[in-house]
Every structure is written in structure tokens, then in C-alpha cells.
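**Student:** File input37.txt follows (compact mmCIF, C-alpha atoms):
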# COMPACT_ATOMS: atom_id res chain seq x y z
CA GLY A 21 33.59 -1.81 -47.41
CA LEU A 22 34.54 -0.68 -43.95
CA GLU A 23 33.17 -3.77 -42.21
CA GLY A 24 35.57 -6.47 -41.11
CA PHE A 25 38.37 -7.37 -38.77
CA TYR A 26 40.98 -4.73 -37.86
CA GLU A 27 44.19 -6.10 -36.37
CA LYS A 28 46.32 -4.08 -33.94
CA LEU A 29 49.74 -3.37 -35.42
CA PRO A 30 52.96 -3.50 -33.35
CA GLU A 31 53.73 -0.50 -31.14
CA SER A 32 56.46 0.56 -33.58
CA LYS A 33 53.62 1.35 -36.04
CA ASN A 34 51.64 3.53 -33.57
CA TYR A 35 50.20 6.79 -34.89
CA GLU A 36 50.94 9.74 -32.59
CA ASN A 37 51.58 7.30 -29.69
CA PHE A 38 48.19 5.57 -30.11
CA PRO A 39 47.51 2.10 -31.51
CA LEU A 40 46.99 1.67 -35.23
CA PHE A 41 44.66 -1.10 -36.44
CA ARG A 42 44.69 -2.40 -40.03
CA LYS A 43 41.79 -4.12 -41.80
CA HIS A 44 42.49 -7.73 -42.74
CA PRO A 45 42.50 -9.10 -45.26
CA SER A 46 43.44 -6.23 -47.54
CA PHE A 47 42.54 -7.28 -51.04
CA ARG A 48 44.62 -4.61 -52.78
CA ALA A 49 48.02 -3.25 -51.75
CA ASP A 50 46.90 0.29 -52.66
CA TYR A 51 43.66 0.08 -50.62
CA VAL A 52 44.65 -0.30 -46.96
CA LEU A 53 42.04 0.72 -44.37
CA ASN A 54 43.27 1.82 -40.94
CA LEU A 55 41.47 2.49 -37.65
CA TYR A 56 43.30 5.04 -35.49
CA LEU A 57 42.89 8.05 -33.20
CA GLY A 58 43.39 11.10 -35.41
CA ILE A 59 45.25 14.19 -34.23
CA ASN A 60 41.96 16.11 -33.93
CA GLY A 61 40.59 13.60 -31.36
CA ASN A 62 38.26 11.49 -33.53
CA TRP A 63 38.73 7.78 -34.01
CA ARG A 64 38.87 7.33 -37.78
CA ILE A 65 38.67 4.67 -40.44
CA SER A 66 40.75 5.95 -43.32
CA LEU A 67 42.42 4.89 -46.50
CA GLY A 68 46.01 4.90 -45.26
CA LEU A 69 46.10 7.91 -42.95
CA SER A 70 44.47 10.35 -45.35
CA THR A 71 40.98 9.84 -46.82
CA THR A 72 38.58 9.37 -43.89
CA TYR A 73 35.44 7.31 -44.45
CA ALA A 74 34.11 7.23 -40.86
CA LYS A 75 34.88 9.17 -37.68
CA SER A 76 33.76 8.89 -34.07
CA SER A 77 31.66 11.33 -32.14
CA PRO A 78 32.29 12.70 -29.56
CA LYS A 79 36.00 13.44 -29.75
CA GLY A 80 38.58 12.39 -27.17
CA LEU A 81 37.45 8.83 -26.40
CA GLN A 82 40.20 6.45 -25.21
CA THR A 83 38.99 3.55 -27.33
CA PRO A 84 36.69 3.46 -30.37
CA GLU A 85 34.01 1.22 -28.84
CA PHE A 86 32.94 4.04 -26.50
CA SER A 87 31.67 6.11 -29.43
CA LYS A 88 27.87 6.13 -29.49
CA ALA A 89 27.54 7.79 -32.89
CA TRP A 90 29.74 7.57 -35.94
CA LYS A 91 29.78 9.98 -38.83
CA VAL A 92 30.09 8.31 -42.21
CA TRP A 93 31.39 10.20 -45.24
CA ILE A 94 28.81 10.27 -48.01
CA THR A 95 30.28 12.67 -50.60
CA GLY A 96 32.13 15.98 -50.70
CA TRP A 97 31.83 17.58 -47.25
CA ASN A 98 28.65 15.63 -46.43
CA TRP A 99 28.76 13.44 -43.35
CA LYS A 100 25.83 11.39 -42.08
CA THR A 101 25.58 10.34 -38.42
CA SER A 102 24.67 6.73 -37.73
CA ASP A 103 23.77 5.17 -34.38
CA ASN A 104 23.88 1.74 -36.06
CA PHE A 105 27.57 1.79 -36.94
CA THR A 106 29.53 0.14 -34.11
CA ILE A 107 33.04 -0.95 -33.30
CA VAL A 108 33.58 -3.64 -30.68
CA PRO A 109 36.79 -5.38 -29.66
CA THR A 110 37.13 -8.96 -30.84
CA ASN A 111 39.08 -9.81 -27.70
CA PRO A 112 39.32 -7.66 -24.59
CA VAL A 113 42.21 -5.22 -24.62
CA TYR A 114 43.93 -5.04 -21.25
CA PRO A 115 45.86 -1.89 -20.25
CA LEU A 116 49.43 -2.01 -18.92
CA SER A 117 48.31 -0.94 -15.44
CA TYR A 118 45.39 -0.03 -13.21
CA THR A 119 45.37 2.44 -10.33
CA VAL A 120 43.06 1.58 -7.44
CA THR A 121 41.90 4.57 -5.38
CA TYR A 122 39.27 5.46 -2.80
CA ASP A 123 38.10 9.09 -2.58
CA GLY A 124 35.37 8.59 0.01
CA GLN A 125 35.28 9.89 3.59
CA ASP A 126 34.32 6.63 5.35
CA GLN A 127 37.31 5.82 7.57
CA LEU A 128 36.24 2.18 8.09
CA ILE A 129 36.27 1.59 4.35
CA ARG A 130 39.54 3.50 3.94
CA ASN A 131 41.20 1.38 6.66
CA LYS A 132 39.94 -1.86 5.06
CA LEU A 133 41.18 -0.82 1.61
CA GLU A 134 44.52 0.59 2.74
CA GLY A 135 46.60 -2.38 1.56
CA LEU A 136 44.67 -2.65 -1.71
CA LEU A 137 45.11 0.92 -2.96
CA GLY A 138 47.87 1.72 -5.41
CA LYS A 139 49.19 0.84 -8.84
CA TYR A 140 48.81 -2.66 -10.29
CA THR A 141 50.97 -3.56 -13.28
CA LYS A 142 50.16 -6.18 -15.92
CA GLN A 143 52.30 -9.30 -15.56
CA TYR A 144 53.68 -11.50 -18.30
CA PHE A 145 51.65 -14.50 -17.14
CA LYS A 146 47.92 -15.14 -17.22
CA TYR A 147 45.31 -16.87 -15.12
CA ASP A 148 42.58 -18.59 -17.14
CA ASN A 149 43.86 -16.78 -20.30
CA VAL A 150 43.40 -13.31 -18.74
CA PRO A 151 46.31 -11.08 -17.61
CA VAL A 152 47.17 -10.88 -13.91
CA TYR A 153 47.99 -7.49 -12.36
CA LYS A 154 50.44 -7.25 -9.44
CA LYS A 155 50.49 -4.40 -6.93
CA GLU A 156 53.78 -2.58 -6.76
CA GLY A 157 55.48 -3.09 -3.41
CA ASN A 158 53.63 -6.20 -2.20
CA GLU A 159 52.11 -9.50 -3.26
CA MET A 160 48.53 -8.30 -3.92
CA ASN A 161 47.13 -9.33 -7.32
CA ILE A 162 44.10 -8.49 -9.42
CA PHE A 163 42.88 -11.34 -11.59
CA ARG A 164 39.66 -12.67 -13.03
CA VAL A 165 38.23 -15.88 -11.63
CA SER A 166 36.35 -18.45 -13.70
CA LYS A 167 32.89 -16.92 -13.10
CA GLY A 168 34.00 -13.59 -14.55
CA ASN A 169 34.50 -11.64 -11.31
CA TRP A 170 37.75 -9.79 -10.72
Please, can you express the file's structure as C-alpha cells?
**Tutor:**
Amino acid sequence: GLEGFYEKLPESKNYENFPLFRKHPSFRADYVLNLYLGINGNWRISLGLSTTYAKSSPKGLQTPEFSKAWKVWITGWNWKTSDNFTIVPTNPVYPLSYTVTYDGQDQLIRNKLEGLLGKYTKQYFKYDNVPVYKKEGNEMNIFRVSKGNW
């Protein structure tokens, strides 16, 4: 079946510059299920990179857990939409960077945030097992404290 744990493969195995996840364990060498973002914009669970058994809806989502409805292949060209089929990350996936911006008109807020705005890049060390992000150009950091607040 499609259910189970899908492990992220190394970047060298990416599909079209997006992560490729492989179901583990794979009980047969000729039956490898992959989760990936297909070239048409759907997240897919496929045998290898060909026969698709499930695909996300809508298209163009950055990660598969944002899909609210999945289409499951039944037979032939018949797809059935299911709101009960979900994909959730086992562990949080942290991006390489965050950009902090403020688009509002309130000058008091803008002045207060001035030193905080900009790009924060993921560091190679963690605080409480969660990545720390450092602002380029100064010593500002984004990190999660023990109660879950960033």
C-alpha cells in the first residue's frame, strides 16, 4: 500500500530540483514508491517516477502536507478524490533561509523592526534540537525557545 514512512533522499537524488522521498522499507527491489513534485505541479506517489497512484490537489504547493484533497488512482483513467488521505511530516522540515519583511505603513512599527528585517540563514548548529537562523550582516538570530515560541 501507499501508507508508510517516506524518507527524504540526498539532494543529489532530487527530481527537477525538488526533494525526492522514498518509501521505507521497500519489500521488493522492483516496487519502489516515491513521493515527489511532478513536472505538472502535483505532488505524486508513484512507482518509480512513472505509474502514479496518488496526486495532490491543487497543483503548485511547496510541500505535500498543504494539499487538502488527494486524488487516488482507481483504475484506467478513473481518479477518486479523498479528503481523508493525508501526508504529514514526521519531523519538521526547516528551510535554508527565511526573509523577514514588513509591508505596513505604521512608521513606529517600521522603526522598531528596522534591525530585524532581512534574510536569516540556517546555521549548522541547533538550539534545543531545532536549527538557529542568523541574520546576514549582524548578530540577530531566530531560534525556538523551550515553550515553542520563536
**Student:** Skip stretch 25-39 of chain A itself and residues of its chain fewer than 2 positions away, then list as a VMD selection string all residues within 7 Å of it, counting all atoms listed in the file.
**Tutor:** chain A and resid 41 to 44 56 to 57
**Student:** Work out how far atom CA of A:Ser87 is from atom CA of A:Asn169, in Å to one decimal.
**Tutor:** 25.5 Å
**Student:** Just checking: using all atoms listed in the file, which residue out of A:Ser76, A:Gln82, A:Thr121, A:Thr71 ends up closest to A:Ile107?
**Tutor:** A:Ser76
**Student:** Can you check which parts of stretch 102-126 of chain A lie within 8 Å of stretch 149-164 of chain A? Per residue, the shortest pair of atoms and distance in Å to one decimal, counting all atoms listed in the file, sorted by chain and number, as a Markdown table.
**Tutor:**
| residue | atom | partner | partner_atom | distance |
| --- | --- | --- | --- | --- |
| A:Tyr114 | CA | A:Pro151 | CA | 7.4 |
| A:Ser117 | CA | A:Tyr153 | CA | 7.2 |
| A:Tyr118 | CA | A:Tyr153 | CA | 7.9 |
**Student:** If I take atom CA of A:Ala49 and atom CA of A:Thr95, how far is one from the other in Å, to one decimal?
**Tutor:** 23.9 Å
**Student:** For A:Lys100, work out the shell of residues within 9 Å, counting only C-alpha atoms and skipping chain neighbours fewer than 3 positions away, then give it as a PDB file with C-alpha atoms, in the frame of the given file.
**Tutor:**
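Output (part-v3.pdb):
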ATOM      1  CA  TRP A  90      29.740   7.570 -35.940  1.00  0.00           C
ATOM      2  CA  LYS A  91      29.780   9.980 -38.830  1.00  0.00           C
ATOM      3  CA  VAL A  92      30.090   8.310 -42.210  1.00  0.00           C
ATOM      4  CA  TRP A  93      31.390  10.200 -45.240  1.00  0.00           C
ATOM      5  CA  ILE A  94      28.810  10.270 -48.010  1.00  0.00           C
TER       6      ILE A  94
END
**Student:** Rounded to one decimal in Å, what is the spacing between atom CA of A:Asp103 and atom CA of A:Lys88?
**Tutor:** 6.5 Å
**Student:** Could you give me, as a PDB file with C-alpha atoms, in the coordinates of the input, the residues that have an atom at most 12 Å away from the point (34.0, -4.7, -45.9) in the coordinates of the file, using all atoms listed in the file?
**Tutor:**
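Writing the result to result36.pdb gives the following:
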ATOM      1  CA  GLY A  21      33.590  -1.810 -47.410  1.00  0.00           C
ATOM      2  CA  LEU A  22      34.540  -0.680 -43.950  1.00  0.00           C
ATOM      3  CA  GLU A  23      33.170  -3.770 -42.210  1.00  0.00           C
ATOM      4  CA  GLY A  24      35.570  -6.470 -41.110  1.00  0.00           C
ATOM      5  CA  PHE A  25      38.370  -7.370 -38.770  1.00  0.00           C
ATOM      6  CA  TYR A  26      40.980  -4.730 -37.860  1.00  0.00           C
ATOM      7  CA  LYS A  43      41.790  -4.120 -41.800  1.00  0.00           C
ATOM      8  CA  HIS A  44      42.490  -7.730 -42.740  1.00  0.00           C
ATOM      9  CA  PRO A  45      42.500  -9.100 -45.260  1.00  0.00           C
ATOM     10  CA  SER A  46      43.440  -6.230 -47.540  1.00  0.00           C
ATOM     11  CA  PHE A  47      42.540  -7.280 -51.040  1.00  0.00           C
ATOM     12  CA  TYR A  51      43.660   0.080 -50.620  1.00  0.00           C
ATOM     13  CA  VAL A  52      44.650  -0.300 -46.960  1.00  0.00           C
ATOM     14  CA  LEU A  53      42.040   0.720 -44.370  1.00  0.00           C
ATOM     15  CA  ILE A  65      38.670   4.670 -40.440  1.00  0.00           C
TER      16      ILE A  65
END
**Student:** Find the residues near A:Asn60: any atom within 8 Å, counting only C-alpha atoms, skip ones fewer than 2 places away on the same chain, and give them as a PDB file with C-alpha atoms, in the coordinates of the input.
**Tutor:**
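Okay, around24.pdb is ready:
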ATOM      1  CA  GLY A  58      43.390  11.100 -35.410  1.00  0.00           C
ATOM      2  CA  ASN A  62      38.260  11.490 -33.530  1.00  0.00           C
ATOM      3  CA  LYS A  79      36.000  13.440 -29.750  1.00  0.00           C
TER       4      LYS A  79
END
**Student:** Give me, as a list in words, all polymer residues having an atom no more than 12 Å from A:Glu134, counting all atoms listed in the file and skipping those fewer than 3 positions away in the same chain.
**Tutor:**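 Counting all atoms listed in the file, the residues come to Val120, Thr121, Tyr122, Asp123, Gln127, Leu128, Ile129, Arg130, Asn131, Leu137, Gly138 and Met160 of chain A.
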**Student:** Compare A:Asn98, A:Thr141, A:Ser77, A:Thr106 by their minimum atom-to-atom distance to A:Trp63, counting only C-alpha atoms, and give me the closest one.
**Tutor:**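 Residue with the minimum atom-to-atom distance to A:Trp63: A:Ser77.
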